[in-house]
Amino acid sequence: MTAHTPNSSFLSAKTGYATSPRPSPNRKPVLPSVWRRVLMALIALGGLALLVSALDSPVMEQITGTVHIDQDIGKDTTWHANRTYVLETDVFVHGGARLTIEPGTRILGEHGSSLIVARESQLIARGTRSAPIVFTSAQDVGERARGDWGGVVLLGEDRTNEAFARVEGVDGRDIRGHFGGQVEEGSCGELTFVRIEYAGYEAFPGNELNGLTLGGCGPDTVLEHIQVHKALDDGIEFFGGSASMRHVLITGARDDSLDWDLGWNGRVQHLIIQQHTGEGDRGFEGDNSPERDDARPRSTPEFSNVTLISNSGEHTAMVLRSGTAGRFGNILIAGYGTHPIDLRDPLTGSLLEHNQLAFDSLLIESSRSIEQIWPAETGEKNNDAGVDEATVFAAPTQTAEKLFTQNARNPRQPVFRPGMQAYREQASWPSDSDFWDRSATYYGAVDPQVSNPWYLGWTDFSEN
């Protein structure tokens, strides 16, 4: 017979089947108990990872509440307030689709992303004072900065003075980035109680997207209660079209706060611009066309009840050039140095003479005379073909000291309500349009008599 070793199998006397010897009662497990628990936990986590990877996006949306957007939108879509939407690339709304966003929805932009609404499509973003719609950076609070993502672009079919116009920052070969046409009553959609923050990434060297860009948007576009905060390039830029807006703040833009070009003919009432120290260039930069000063239709916007505030004298409140016309009234300007409104280029004088470029009711925070505010220009700065700006602005301009009872220049907790010097018994208006709220008989964007101004409750002025 063959001898059995302790590790050998043997036939059971009862069953005849091979069995294994019983372990010694003193035998210990290979792994201590703590490491067995670690191993089991790792196995469980591996199983969870496999389960998660097997789940489809809708299930993950239910679990996390986050929706990652990396594809274009070609059919009517709604984004809901109980979700957070993360833009991962340039997302086009196109093909006649309508994107509707519920009040209180947050949209986060990753670097290199933007939301672009092409011609024939619309963005309907109706927030409320208590539940604004927020487009902001995908970075953590405290880490956000200008240019973290691209911004919002609305493109329409209204008239421009440039054929084949296309938006900056979008590949010129993509027809969805083109705008303009002959549709005179069109609409790019509706933005009400909307914040756009930390936008404007550099698409390529020297070309950044703006916080909000509007190209060829028609007069039925609704733009009310909008804040653009800390854009890398311009806060808001209009390229042609005739869209109007009211109750708008542009705070801390790196370049110009409001820019227009290519024949824009909209109206603006109740606009606040706050420029930060060491940041930004002009409050307004107005052009007709960079190529042809006399191109038609001519840029002829109208403004009433505007507050422009600089934290230092390094900024210019308005630069108007390249053939832009326009009408400006009930304007309050504070904190700027000399030449707060700078008129440029040879066509300017003719537009002033024909009342196509006109100013009425300007209030400037200053103790200086008009001649000191607009001293004679010499050398390269004498670029307005001999227009005497002191003469142009003498009649429509009033000056006063300490227009703001509290610190309107504070970038974090600003108070934009002026003192009673801004109040007027009556006011004039840039045109006879029924667009104007004619109860706004004061200089600037905020009624000096109200305790709860229109910009409170839905705006945000965070540093990062």
# chains A, B, ... in the order shown; residues from 1 in each chain; ligands from 1

$ residues_around --residues "Ala376 of chain A" --least-positions-apart "6" --cutoff "9 Å" --atoms "only C-alpha atoms" --output "list in words"
Asn382, Asp388, Glu389 and Ala390 of chain A

$ write_last_selection --atoms "N, CA and C atoms" --output "JSON list (two decimals), in the first residue's frame"
[["chain", "number", "residue", "atom", "x", "y", "z"],
["A", 382, "ASN", "N", -5.24, 114.41, -31.32],
["A", 382, "ASN", "CA", -6.11, 115.30, -32.09],
["A", 382, "ASN", "C", -6.58, 114.56, -33.33],
["A", 388, "ASP", "N", -14.21, 120.59, -31.72],
["A", 388, "ASP", "CA", -13.92, 121.15, -30.40],
["A", 388, "ASP", "C", -14.86, 120.49, -29.39],
["A", 389, "GLU", "N", -14.36, 119.49, -28.69],
["A", 389, "GLU", "CA", -15.23, 118.72, -27.79],
["A", 389, "GLU", "C", -15.76, 119.57, -26.65],
["A", 390, "ALA", "N", -14.98, 120.51, -26.15],
["A", 390, "ALA", "CA", -15.47, 121.38, -25.07],
["A", 390, "ALA", "C", -16.70, 122.16, -25.53]]

$ residues_around --residues "Gly329 of chain A" --least-positions-apart "4" --cutoff "8 Å" --atoms "only C-alpha atoms" --output "list in words"
Phe303, Ser304, Asn305, Phe359, Asp360, Ser361, Leu362, Ser428, Trp429 and Pro430 of chain A

$ residues_around --residues "Ile333 of chain A" --least-positions-apart "2" --cutoff "12 Å" --atoms "only C-alpha atoms" --output "compact mmCIF listing (two decimals) with all heavy atoms, in the first residue's frame"
# COMPACT_ATOMS: atom_id res chain seq x y z
N LEU A 271 -28.75 101.16 -17.75
CA LEU A 271 -27.50 100.41 -17.92
C LEU A 271 -26.49 100.93 -16.91
O LEU A 271 -26.24 102.13 -16.82
CB LEU A 271 -26.96 100.59 -19.34
CG LEU A 271 -25.52 100.13 -19.59
CD1 LEU A 271 -25.38 98.62 -19.42
CD2 LEU A 271 -25.06 100.56 -20.99
N ILE A 272 -25.88 100.00 -16.14
CA ILE A 272 -24.79 100.33 -15.22
C ILE A 272 -23.51 99.69 -15.73
O ILE A 272 -23.47 98.49 -16.01
CB ILE A 272 -25.09 99.80 -13.80
CG1 ILE A 272 -26.33 100.47 -13.21
CG2 ILE A 272 -23.89 100.02 -12.89
CD1 ILE A 272 -26.80 99.83 -11.91
N ILE A 273 -22.47 100.51 -15.83
CA ILE A 273 -21.14 100.01 -16.17
C ILE A 273 -20.20 100.39 -15.03
O ILE A 273 -20.10 101.56 -14.67
CB ILE A 273 -20.65 100.59 -17.50
CG1 ILE A 273 -21.42 99.95 -18.65
CG2 ILE A 273 -19.14 100.39 -17.66
CD1 ILE A 273 -21.10 100.53 -20.01
N GLN A 274 -19.54 99.39 -14.45
CA GLN A 274 -18.52 99.63 -13.43
C GLN A 274 -17.21 99.05 -13.91
O GLN A 274 -17.10 97.85 -14.17
CB GLN A 274 -18.91 98.99 -12.09
CG GLN A 274 -17.94 99.33 -10.96
CD GLN A 274 -18.10 98.41 -9.76
OE1 GLN A 274 -18.06 97.19 -9.89
NE2 GLN A 274 -18.27 98.99 -8.59
N GLN A 275 -16.20 99.92 -14.04
CA GLN A 275 -14.87 99.48 -14.48
C GLN A 275 -13.94 99.41 -13.28
O GLN A 275 -13.92 100.31 -12.45
CB GLN A 275 -14.34 100.44 -15.55
CG GLN A 275 -15.20 100.44 -16.80
CD GLN A 275 -14.61 101.28 -17.92
OE1 GLN A 275 -14.93 102.44 -18.07
NE2 GLN A 275 -13.72 100.67 -18.71
N GLY A 283 -15.73 102.32 -21.34
CA GLY A 283 -17.10 101.96 -21.01
C GLY A 283 -17.87 101.61 -22.27
O GLY A 283 -18.43 100.52 -22.39
N PHE A 284 -17.90 102.54 -23.24
CA PHE A 284 -18.48 102.30 -24.56
C PHE A 284 -17.37 102.38 -25.59
O PHE A 284 -16.51 103.27 -25.53
CB PHE A 284 -19.49 103.40 -24.94
CG PHE A 284 -20.80 103.38 -24.20
CD1 PHE A 284 -21.73 104.38 -24.42
CD2 PHE A 284 -21.11 102.40 -23.27
CE1 PHE A 284 -22.94 104.40 -23.75
CE2 PHE A 284 -22.31 102.40 -22.59
CZ PHE A 284 -23.23 103.42 -22.83
N ASN A 305 -30.59 106.94 -19.43
CA ASN A 305 -30.44 106.45 -18.05
C ASN A 305 -29.31 105.43 -17.94
O ASN A 305 -29.50 104.25 -17.68
CB ASN A 305 -31.74 105.86 -17.53
CG ASN A 305 -32.87 106.89 -17.52
OD1 ASN A 305 -33.72 106.86 -18.42
ND2 ASN A 305 -32.86 107.78 -16.55
N VAL A 306 -28.11 105.94 -18.17
CA VAL A 306 -26.89 105.14 -18.12
C VAL A 306 -25.99 105.69 -17.01
O VAL A 306 -25.80 106.91 -16.90
CB VAL A 306 -26.14 105.18 -19.47
CG1 VAL A 306 -24.82 104.41 -19.37
CG2 VAL A 306 -27.01 104.61 -20.58
N THR A 307 -25.42 104.79 -16.21
CA THR A 307 -24.42 105.13 -15.21
C THR A 307 -23.10 104.50 -15.61
O THR A 307 -23.02 103.27 -15.78
CB THR A 307 -24.82 104.63 -13.81
OG1 THR A 307 -26.03 105.30 -13.39
CG2 THR A 307 -23.74 104.91 -12.80
N LEU A 308 -22.06 105.33 -15.77
CA LEU A 308 -20.71 104.83 -16.07
C LEU A 308 -19.80 105.23 -14.93
O LEU A 308 -19.68 106.42 -14.59
CB LEU A 308 -20.20 105.43 -17.38
CG LEU A 308 -20.98 105.04 -18.64
CD1 LEU A 308 -21.61 106.27 -19.26
CD2 LEU A 308 -20.08 104.34 -19.65
N ILE A 309 -19.15 104.23 -14.32
CA ILE A 309 -18.33 104.45 -13.12
C ILE A 309 -16.96 103.84 -13.34
O ILE A 309 -16.83 102.67 -13.70
CB ILE A 309 -18.99 103.83 -11.88
CG1 ILE A 309 -20.34 104.49 -11.60
CG2 ILE A 309 -18.09 103.97 -10.66
CD1 ILE A 309 -21.14 103.81 -10.53
N SER A 310 -15.93 104.63 -13.08
CA SER A 310 -14.55 104.15 -13.12
C SER A 310 -13.97 104.18 -11.72
O SER A 310 -14.29 105.07 -10.93
CB SER A 310 -13.71 105.02 -14.06
OG SER A 310 -12.33 104.71 -13.94
N ASN A 311 -13.14 103.20 -11.44
CA ASN A 311 -12.43 103.20 -10.16
C ASN A 311 -11.15 104.03 -10.20
O ASN A 311 -10.46 104.17 -9.20
CB ASN A 311 -12.08 101.76 -9.75
CG ASN A 311 -13.29 101.04 -9.17
OD1 ASN A 311 -14.30 101.65 -8.89
ND2 ASN A 311 -13.17 99.74 -9.00
N GLY A 313 -8.88 107.14 -13.01
CA GLY A 313 -8.93 107.96 -14.20
C GLY A 313 -8.31 107.33 -15.43
O GLY A 313 -8.17 107.99 -16.46
N HIS A 315 -9.51 105.02 -17.32
CA HIS A 315 -10.49 104.58 -18.30
C HIS A 315 -11.07 105.76 -19.08
O HIS A 315 -10.94 106.91 -18.66
CB HIS A 315 -11.63 103.83 -17.61
CG HIS A 315 -11.20 102.66 -16.80
ND1 HIS A 315 -11.37 102.60 -15.44
CD2 HIS A 315 -10.57 101.51 -17.15
CE1 HIS A 315 -10.90 101.46 -14.98
NE2 HIS A 315 -10.39 100.78 -16.00
N THR A 316 -11.73 105.45 -20.17
CA THR A 316 -12.51 106.43 -20.94
C THR A 316 -13.96 105.97 -20.93
O THR A 316 -14.25 104.81 -21.23
CB THR A 316 -12.00 106.53 -22.39
OG1 THR A 316 -10.60 106.86 -22.38
CG2 THR A 316 -12.76 107.61 -23.14
N ALA A 317 -14.86 106.87 -20.62
CA ALA A 317 -16.27 106.48 -20.54
C ALA A 317 -16.81 106.07 -21.91
O ALA A 317 -17.48 105.04 -22.04
CB ALA A 317 -17.10 107.62 -19.96
N MET A 318 -16.52 106.86 -22.96
CA MET A 318 -17.01 106.54 -24.30
C MET A 318 -15.96 106.91 -25.33
O MET A 318 -15.38 108.01 -25.28
CB MET A 318 -18.28 107.32 -24.65
CG MET A 318 -19.45 107.15 -23.74
SD MET A 318 -20.90 108.08 -24.42
CE MET A 318 -21.94 108.15 -22.96
N GLY A 329 -28.69 110.36 -23.77
CA GLY A 329 -29.33 111.28 -22.84
C GLY A 329 -29.46 110.70 -21.44
O GLY A 329 -29.48 109.48 -21.26
N ASN A 330 -29.53 111.59 -20.45
CA ASN A 330 -29.70 111.20 -19.05
C ASN A 330 -28.57 110.27 -18.59
O ASN A 330 -28.79 109.23 -17.98
CB ASN A 330 -31.06 110.54 -18.83
CG ASN A 330 -32.20 111.42 -19.33
OD1 ASN A 330 -32.26 112.60 -19.02
ND2 ASN A 330 -33.09 110.85 -20.14
N ILE A 331 -27.34 110.71 -18.90
CA ILE A 331 -26.15 109.92 -18.64
C ILE A 331 -25.42 110.47 -17.41
O ILE A 331 -25.21 111.68 -17.29
CB ILE A 331 -25.17 109.96 -19.84
CG1 ILE A 331 -25.91 109.67 -21.16
CG2 ILE A 331 -24.02 109.00 -19.62
CD1 ILE A 331 -26.45 108.29 -21.30
N GLY A 335 -15.86 109.32 -11.95
CA GLY A 335 -14.57 108.68 -11.72
C GLY A 335 -13.63 108.70 -12.90
O GLY A 335 -12.53 108.13 -12.80
N TYR A 336 -13.99 109.34 -14.01
CA TYR A 336 -13.13 109.35 -15.19
C TYR A 336 -12.26 110.61 -15.21
O TYR A 336 -12.57 111.61 -14.56
CB TYR A 336 -13.98 109.27 -16.46
CG TYR A 336 -14.69 107.95 -16.60
CD1 TYR A 336 -15.94 107.74 -16.02
CD2 TYR A 336 -14.11 106.90 -17.30
CE1 TYR A 336 -16.60 106.52 -16.13
CE2 TYR A 336 -14.76 105.68 -17.43
CZ TYR A 336 -16.00 105.49 -16.84
OH TYR A 336 -16.64 104.28 -16.95
N GLY A 337 -11.18 110.55 -15.99
CA GLY A 337 -10.28 111.68 -16.11
C GLY A 337 -10.72 112.63 -17.20
O GLY A 337 -11.92 112.80 -17.47
N THR A 338 -9.76 113.26 -17.87
CA THR A 338 -10.09 114.18 -18.95
C THR A 338 -10.59 113.41 -20.17
O THR A 338 -10.30 112.23 -20.34
CB THR A 338 -8.87 115.02 -19.35
OG1 THR A 338 -7.81 114.14 -19.75
CG2 THR A 338 -8.41 115.88 -18.17
N HIS A 339 -11.36 114.11 -21.00
CA HIS A 339 -11.95 113.52 -22.20
C HIS A 339 -12.72 112.24 -21.88
O HIS A 339 -12.47 111.18 -22.46
CB HIS A 339 -10.88 113.24 -23.26
CG HIS A 339 -10.19 114.48 -23.75
ND1 HIS A 339 -10.73 115.29 -24.72
CD2 HIS A 339 -9.03 115.06 -23.37
CE1 HIS A 339 -9.92 116.32 -24.93
NE2 HIS A 339 -8.87 116.20 -24.12
N PRO A 340 -13.68 112.32 -20.95
CA PRO A 340 -14.45 111.10 -20.64
C PRO A 340 -15.25 110.60 -21.84
O PRO A 340 -15.50 109.39 -21.94
CB PRO A 340 -15.37 111.57 -19.51
CG PRO A 340 -15.46 113.05 -19.66
CD PRO A 340 -14.13 113.47 -20.17
N ILE A 341 -15.63 111.50 -22.74
CA ILE A 341 -16.23 111.12 -24.02
C ILE A 341 -15.27 111.59 -25.10
O ILE A 341 -14.99 112.79 -25.21
CB ILE A 341 -17.63 111.73 -24.21
CG1 ILE A 341 -18.56 111.32 -23.06
CG2 ILE A 341 -18.22 111.29 -25.55
CD1 ILE A 341 -19.94 111.94 -23.14
N SER A 361 -28.40 116.11 -21.71
CA SER A 361 -28.52 115.78 -20.28
C SER A 361 -27.42 114.83 -19.81
O SER A 361 -27.65 113.64 -19.56
CB SER A 361 -29.90 115.19 -19.98
OG SER A 361 -30.92 116.06 -20.40
N LEU A 362 -26.21 115.37 -19.72
CA LEU A 362 -25.07 114.64 -19.16
C LEU A 362 -24.74 115.22 -17.80
O LEU A 362 -24.69 116.44 -17.63
CB LEU A 362 -23.85 114.77 -20.07
CG LEU A 362 -24.01 114.46 -21.56
CD1 LEU A 362 -22.69 114.68 -22.29
CD2 LEU A 362 -24.51 113.05 -21.78
N LEU A 363 -24.51 114.37 -16.81
CA LEU A 363 -24.10 114.80 -15.47
C LEU A 363 -22.77 114.13 -15.15
O LEU A 363 -22.68 112.91 -15.11
CB LEU A 363 -25.14 114.43 -14.42
CG LEU A 363 -24.81 114.81 -12.97
CD1 LEU A 363 -24.63 116.31 -12.82
CD2 LEU A 363 -25.91 114.30 -12.03
N ILE A 364 -21.73 114.94 -14.92
CA ILE A 364 -20.39 114.42 -14.67
C ILE A 364 -19.98 114.78 -13.26
O ILE A 364 -20.10 115.93 -12.83
CB ILE A 364 -19.38 114.99 -15.68
CG1 ILE A 364 -19.76 114.54 -17.10
CG2 ILE A 364 -17.97 114.55 -15.34
CD1 ILE A 364 -18.83 115.06 -18.18
N GLU A 365 -19.50 113.77 -12.52
CA GLU A 365 -18.98 114.01 -11.17
C GLU A 365 -17.61 114.66 -11.29
O GLU A 365 -16.61 114.01 -11.62
CB GLU A 365 -18.88 112.69 -10.41
CG GLU A 365 -18.45 112.88 -8.95
CD GLU A 365 -18.33 111.57 -8.23
OE1 GLU A 365 -17.41 110.79 -8.58
OE2 GLU A 365 -19.14 111.30 -7.33
N SER A 366 -17.54 115.97 -11.02
CA SER A 366 -16.30 116.70 -11.17
C SER A 366 -16.45 118.10 -10.57
O SER A 366 -17.55 118.66 -10.53
CB SER A 366 -15.92 116.82 -12.65
OG SER A 366 -14.72 117.55 -12.81
N ILE A 373 -12.27 119.65 -18.31
CA ILE A 373 -12.64 118.25 -18.54
C ILE A 373 -12.29 117.84 -19.97
O ILE A 373 -11.83 116.71 -20.21
CB ILE A 373 -14.15 118.05 -18.27
CG1 ILE A 373 -14.44 118.29 -16.78
CG2 ILE A 373 -14.59 116.64 -18.67
CD1 ILE A 373 -15.92 118.28 -16.45
N THR A 397 -23.98 119.44 -20.68
CA THR A 397 -23.28 118.87 -19.53
C THR A 397 -23.46 119.71 -18.27
O THR A 397 -23.27 120.93 -18.29
CB THR A 397 -21.79 118.70 -19.83
OG1 THR A 397 -21.63 117.87 -20.98
CG2 THR A 397 -21.07 118.06 -18.65
N GLN A 398 -23.78 119.02 -17.18
CA GLN A 398 -23.77 119.59 -15.83
C GLN A 398 -22.68 118.86 -15.04
O GLN A 398 -22.36 117.71 -15.33
CB GLN A 398 -25.12 119.42 -15.14
CG GLN A 398 -26.30 120.02 -15.88
CD GLN A 398 -26.25 121.53 -15.89
OE1 GLN A 398 -25.87 122.14 -14.90
NE2 GLN A 398 -26.64 122.13 -17.00
N THR A 399 -22.12 119.53 -14.04
CA THR A 399 -21.15 118.89 -13.17
C THR A 399 -21.60 119.00 -11.72
O THR A 399 -22.33 119.92 -11.35
CB THR A 399 -19.75 119.52 -13.32
OG1 THR A 399 -19.82 120.90 -12.93
CG2 THR A 399 -19.24 119.40 -14.74
N ALA A 400 -21.18 118.05 -10.91
CA ALA A 400 -21.49 118.06 -9.47
C ALA A 400 -20.45 117.21 -8.75
O ALA A 400 -19.87 116.29 -9.34
CB ALA A 400 -22.89 117.53 -9.21
N GLU A 401 -20.23 117.50 -7.50
CA GLU A 401 -19.30 116.73 -6.69
C GLU A 401 -20.06 115.71 -5.84
O GLU A 401 -21.21 115.92 -5.48
CB GLU A 401 -18.49 117.65 -5.79
CG GLU A 401 -17.60 118.63 -6.55
CD GLU A 401 -16.76 119.46 -5.61
OE1 GLU A 401 -15.91 118.87 -4.90
OE2 GLU A 401 -16.95 120.70 -5.58
N LYS A 402 -19.39 114.62 -5.53
CA LYS A 402 -19.91 113.60 -4.62
C LYS A 402 -21.33 113.18 -5.00
O LYS A 402 -22.27 113.31 -4.23
CB LYS A 402 -19.86 114.09 -3.18
CG LYS A 402 -18.44 114.38 -2.71
CD LYS A 402 -18.42 114.87 -1.26
CE LYS A 402 -16.99 115.16 -0.81
NZ LYS A 402 -16.94 115.65 0.59
N LEU A 403 -21.43 112.62 -6.18
CA LEU A 403 -22.74 112.20 -6.68
C LEU A 403 -23.28 110.98 -5.95
O LEU A 403 -24.49 110.75 -5.94
CB LEU A 403 -22.66 111.91 -8.18
CG LEU A 403 -22.56 113.14 -9.09
CD1 LEU A 403 -22.35 112.71 -10.53
CD2 LEU A 403 -23.82 113.99 -8.97
N PHE A 404 -22.38 110.18 -5.38
CA PHE A 404 -22.82 108.95 -4.73
C PHE A 404 -22.63 109.06 -3.23
O PHE A 404 -21.54 109.38 -2.75
CB PHE A 404 -22.06 107.74 -5.29
CG PHE A 404 -22.39 107.45 -6.72
CD1 PHE A 404 -21.61 107.97 -7.74
CD2 PHE A 404 -23.50 106.70 -7.05
CE1 PHE A 404 -21.92 107.72 -9.07
CE2 PHE A 404 -23.83 106.44 -8.37
CZ PHE A 404 -23.03 106.96 -9.38
N ALA A 408 -20.01 103.64 -4.77
CA ALA A 408 -20.38 102.98 -6.02
C ALA A 408 -19.17 102.34 -6.69
O ALA A 408 -19.33 101.52 -7.60
CB ALA A 408 -21.01 103.99 -6.96
N PHE A 416 -25.08 101.61 -6.20
CA PHE A 416 -25.16 102.43 -7.41
C PHE A 416 -26.23 103.52 -7.33
O PHE A 416 -26.42 104.25 -8.30
CB PHE A 416 -25.42 101.54 -8.63
CG PHE A 416 -24.31 100.57 -8.92
CD1 PHE A 416 -24.55 99.20 -8.93
CD2 PHE A 416 -23.03 101.02 -9.18
CE1 PHE A 416 -23.54 98.30 -9.22
CE2 PHE A 416 -22.00 100.13 -9.46
CZ PHE A 416 -22.25 98.77 -9.48
N PRO A 418 -27.46 107.03 -6.68
CA PRO A 418 -26.79 108.32 -6.52
C PRO A 418 -27.51 109.21 -5.51
O PRO A 418 -28.60 108.86 -5.01
CB PRO A 418 -26.87 108.93 -7.92
CG PRO A 418 -28.17 108.40 -8.46
CD PRO A 418 -28.31 107.00 -7.88
N ALA A 422 -28.93 113.83 -8.73
CA ALA A 422 -29.27 113.16 -9.98
C ALA A 422 -30.76 113.25 -10.31
O ALA A 422 -31.17 112.88 -11.42
CB ALA A 422 -28.85 111.69 -9.92
N TYR A 443 -30.84 111.46 -13.86
CA TYR A 443 -29.60 111.07 -14.51
C TYR A 443 -29.20 109.68 -14.01
O TYR A 443 -29.33 109.35 -12.83
CB TYR A 443 -28.48 112.03 -14.16
CG TYR A 443 -28.63 113.44 -14.66
CD1 TYR A 443 -29.13 114.44 -13.82
CD2 TYR A 443 -28.24 113.79 -15.95
CE1 TYR A 443 -29.22 115.75 -14.26
CE2 TYR A 443 -28.33 115.10 -16.40
CZ TYR A 443 -28.83 116.08 -15.55
OH TYR A 443 -28.93 117.37 -15.99
N GLY A 444 -28.68 108.88 -14.91
CA GLY A 444 -28.16 107.59 -14.51
C GLY A 444 -29.19 106.49 -14.54
O GLY A 444 -30.37 106.68 -14.89
N ALA A 445 -28.73 105.29 -14.13
CA ALA A 445 -29.54 104.08 -14.26
C ALA A 445 -30.40 103.76 -13.07
O ALA A 445 -31.25 102.87 -13.14
CB ALA A 445 -28.60 102.89 -14.53

$ select_by_dssp --residues "segment 312-403 of chain A" --states "strand (DSSP E)" --output "PyMOL selection string"
chain A and resi 316-320+326-334+341-343+357-365+397-400

$ write_last_selection --atoms "N, CA and C atoms" --output "JSON list (two decimals), in the first residue's frame"
[["chain", "number", "residue", "atom", "x", "y", "z"],
["A", 316, "THR", "N", -11.73, 105.45, -20.17],
["A", 316, "THR", "CA", -12.51, 106.43, -20.94],
["A", 316, "THR", "C", -13.96, 105.97, -20.93],
["A", 317, "ALA", "N", -14.86, 106.87, -20.62],
["A", 317, "ALA", "CA", -16.27, 106.48, -20.54],
["A", 317, "ALA", "C", -16.81, 106.07, -21.91],
["A", 318, "MET", "N", -16.52, 106.86, -22.96],
["A", 318, "MET", "CA", -17.01, 106.54, -24.30],
["A", 318, "MET", "C", -15.96, 106.91, -25.33],
["A", 319, "VAL", "N", -15.72, 106.02, -26.28],
["A", 319, "VAL", "CA", -14.99, 106.33, -27.50],
["A", 319, "VAL", "C", -15.95, 106.06, -28.66],
["A", 320, "LEU", "N", -16.26, 107.11, -29.42],
["A", 320, "LEU", "CA", -17.20, 107.01, -30.54],
["A", 320, "LEU", "C", -16.44, 107.36, -31.81],
["A", 326, "GLY", "N", -25.64, 108.15, -33.14],
["A", 326, "GLY", "CA", -26.26, 107.73, -31.89],
["A", 326, "GLY", "C", -26.80, 108.92, -31.13],
["A", 327, "ARG", "N", -27.67, 108.62, -30.17],
["A", 327, "ARG", "CA", -28.27, 109.65, -29.33],
["A", 327, "ARG", "C", -28.12, 109.20, -27.87],
["A", 328, "PHE", "N", -27.64, 110.13, -27.03],
["A", 328, "PHE", "CA", -27.26, 109.80, -25.66],
["A", 328, "PHE", "C", -27.88, 110.83, -24.72],
["A", 329, "GLY", "N", -28.69, 110.36, -23.77],
["A", 329, "GLY", "CA", -29.33, 111.28, -22.84],
["A", 329, "GLY", "C", -29.46, 110.70, -21.44],
["A", 330, "ASN", "N", -29.53, 111.59, -20.45],
["A", 330, "ASN", "CA", -29.70, 111.20, -19.05],
["A", 330, "ASN", "C", -28.57, 110.27, -18.59],
["A", 331, "ILE", "N", -27.34, 110.71, -18.90],
["A", 331, "ILE", "CA", -26.15, 109.92, -18.64],
["A", 331, "ILE", "C", -25.42, 110.47, -17.41],
["A", 332, "LEU", "N", -25.03, 109.58, -16.50],
["A", 332, "LEU", "CA", -24.26, 109.96, -15.32],
["A", 332, "LEU", "C", -22.88, 109.32, -15.44],
["A", 333, "ILE", "N", -21.82, 110.17, -15.34],
["A", 333, "ILE", "CA", -20.44, 109.71, -15.51],
["A", 333, "ILE", "C", -19.65, 110.08, -14.26],
["A", 334, "ALA", "N", -18.97, 109.10, -13.65],
["A", 334, "ALA", "CA", -18.24, 109.36, -12.39],
["A", 334, "ALA", "C", -16.92, 108.63, -12.39],
["A", 341, "ILE", "N", -15.63, 111.50, -22.74],
["A", 341, "ILE", "CA", -16.23, 111.12, -24.02],
["A", 341, "ILE", "C", -15.27, 111.59, -25.10],
["A", 342, "ASP", "N", -14.77, 110.65, -25.89],
["A", 342, "ASP", "CA", -13.75, 110.94, -26.89],
["A", 342, "ASP", "C", -14.33, 110.71, -28.28],
["A", 343, "LEU", "N", -14.47, 111.78, -29.06],
["A", 343, "LEU", "CA", -15.00, 111.70, -30.41],
["A", 343, "LEU", "C", -13.84, 111.61, -31.39],
["A", 357, "LEU", "N", -25.51, 112.44, -34.51],
["A", 357, "LEU", "CA", -24.80, 112.14, -33.27],
["A", 357, "LEU", "C", -25.12, 113.27, -32.30],
["A", 358, "ALA", "N", -25.85, 112.95, -31.22],
["A", 358, "ALA", "CA", -26.37, 114.00, -30.36],
["A", 358, "ALA", "C", -26.30, 113.60, -28.90],
["A", 359, "PHE", "N", -26.10, 114.62, -28.03],
["A", 359, "PHE", "CA", -26.00, 114.41, -26.59],
["A", 359, "PHE", "C", -26.95, 115.37, -25.88],
["A", 360, "ASP", "N", -27.61, 114.86, -24.85],
["A", 360, "ASP", "CA", -28.53, 115.69, -24.08],
["A", 360, "ASP", "C", -28.52, 115.20, -22.64],
["A", 361, "SER", "N", -28.40, 116.11, -21.71],
["A", 361, "SER", "CA", -28.52, 115.78, -20.28],
["A", 361, "SER", "C", -27.42, 114.83, -19.81],
["A", 362, "LEU", "N", -26.21, 115.37, -19.72],
["A", 362, "LEU", "CA", -25.07, 114.64, -19.16],
["A", 362, "LEU", "C", -24.74, 115.22, -17.80],
["A", 363, "LEU", "N", -24.51, 114.37, -16.81],
["A", 363, "LEU", "CA", -24.10, 114.80, -15.47],
["A", 363, "LEU", "C", -22.77, 114.13, -15.15],
["A", 364, "ILE", "N", -21.73, 114.94, -14.92],
["A", 364, "ILE", "CA", -20.39, 114.42, -14.67],
["A", 364, "ILE", "C", -19.98, 114.78, -13.26],
["A", 365, "GLU", "N", -19.50, 113.77, -12.52],
["A", 365, "GLU", "CA", -18.98, 114.01, -11.17],
["A", 365, "GLU", "C", -17.61, 114.66, -11.29],
["A", 397, "THR", "N", -23.98, 119.44, -20.68],
["A", 397, "THR", "CA", -23.28, 118.87, -19.53],
["A", 397, "THR", "C", -23.46, 119.71, -18.27],
["A", 398, "GLN", "N", -23.78, 119.02, -17.18],
["A", 398, "GLN", "CA", -23.77, 119.59, -15.83],
["A", 398, "GLN", "C", -22.68, 118.86, -15.04],
["A", 399, "THR", "N", -22.12, 119.53, -14.04],
["A", 399, "THR", "CA", -21.15, 118.89, -13.17],
["A", 399, "THR", "C", -21.60, 119.00, -11.72],
["A", 400, "ALA", "N", -21.18, 118.05, -10.91],
["A", 400, "ALA", "CA", -21.49, 118.06, -9.47],
["A", 400, "ALA", "C", -20.45, 117.21, -8.75]]

$ select_by_dssp --residues "segment 57-269 of chain A" --states "alpha helix (DSSP H)" --output "PyMOL selection string"
chain A and resi 57-64

$ closest_residue --among "A:Lys381, A:His80, A:His247, A:Arg368" --to "Asp345 of chain A" --atoms "only C-alpha atoms"
A:Lys381

$ atom_distance --atom1 "atom CA of Val153 of chain A" --atom2 "atom CA of Ile236 of chain A"
10.0 Å

$ residues_around --residues "Gln413 of chain A" --least-positions-apart "6" --cutoff "9 Å" --atoms "only C-alpha atoms" --output "compact mmCIF listing (two decimals) with C-alpha atoms, in the first residue's frame"
# COMPACT_ATOMS: atom_id res chain seq x y z
CA ASN A 407 -19.26 103.71 -2.48
CA PHE A 461 -20.05 90.70 -7.54
CA SER A 462 -17.67 87.96 -6.36

$ atom_distance --atom1 "atom CA of Ile107 of chain A" --atom2 "atom CA of Arg282 of chain A"
28.6 Å
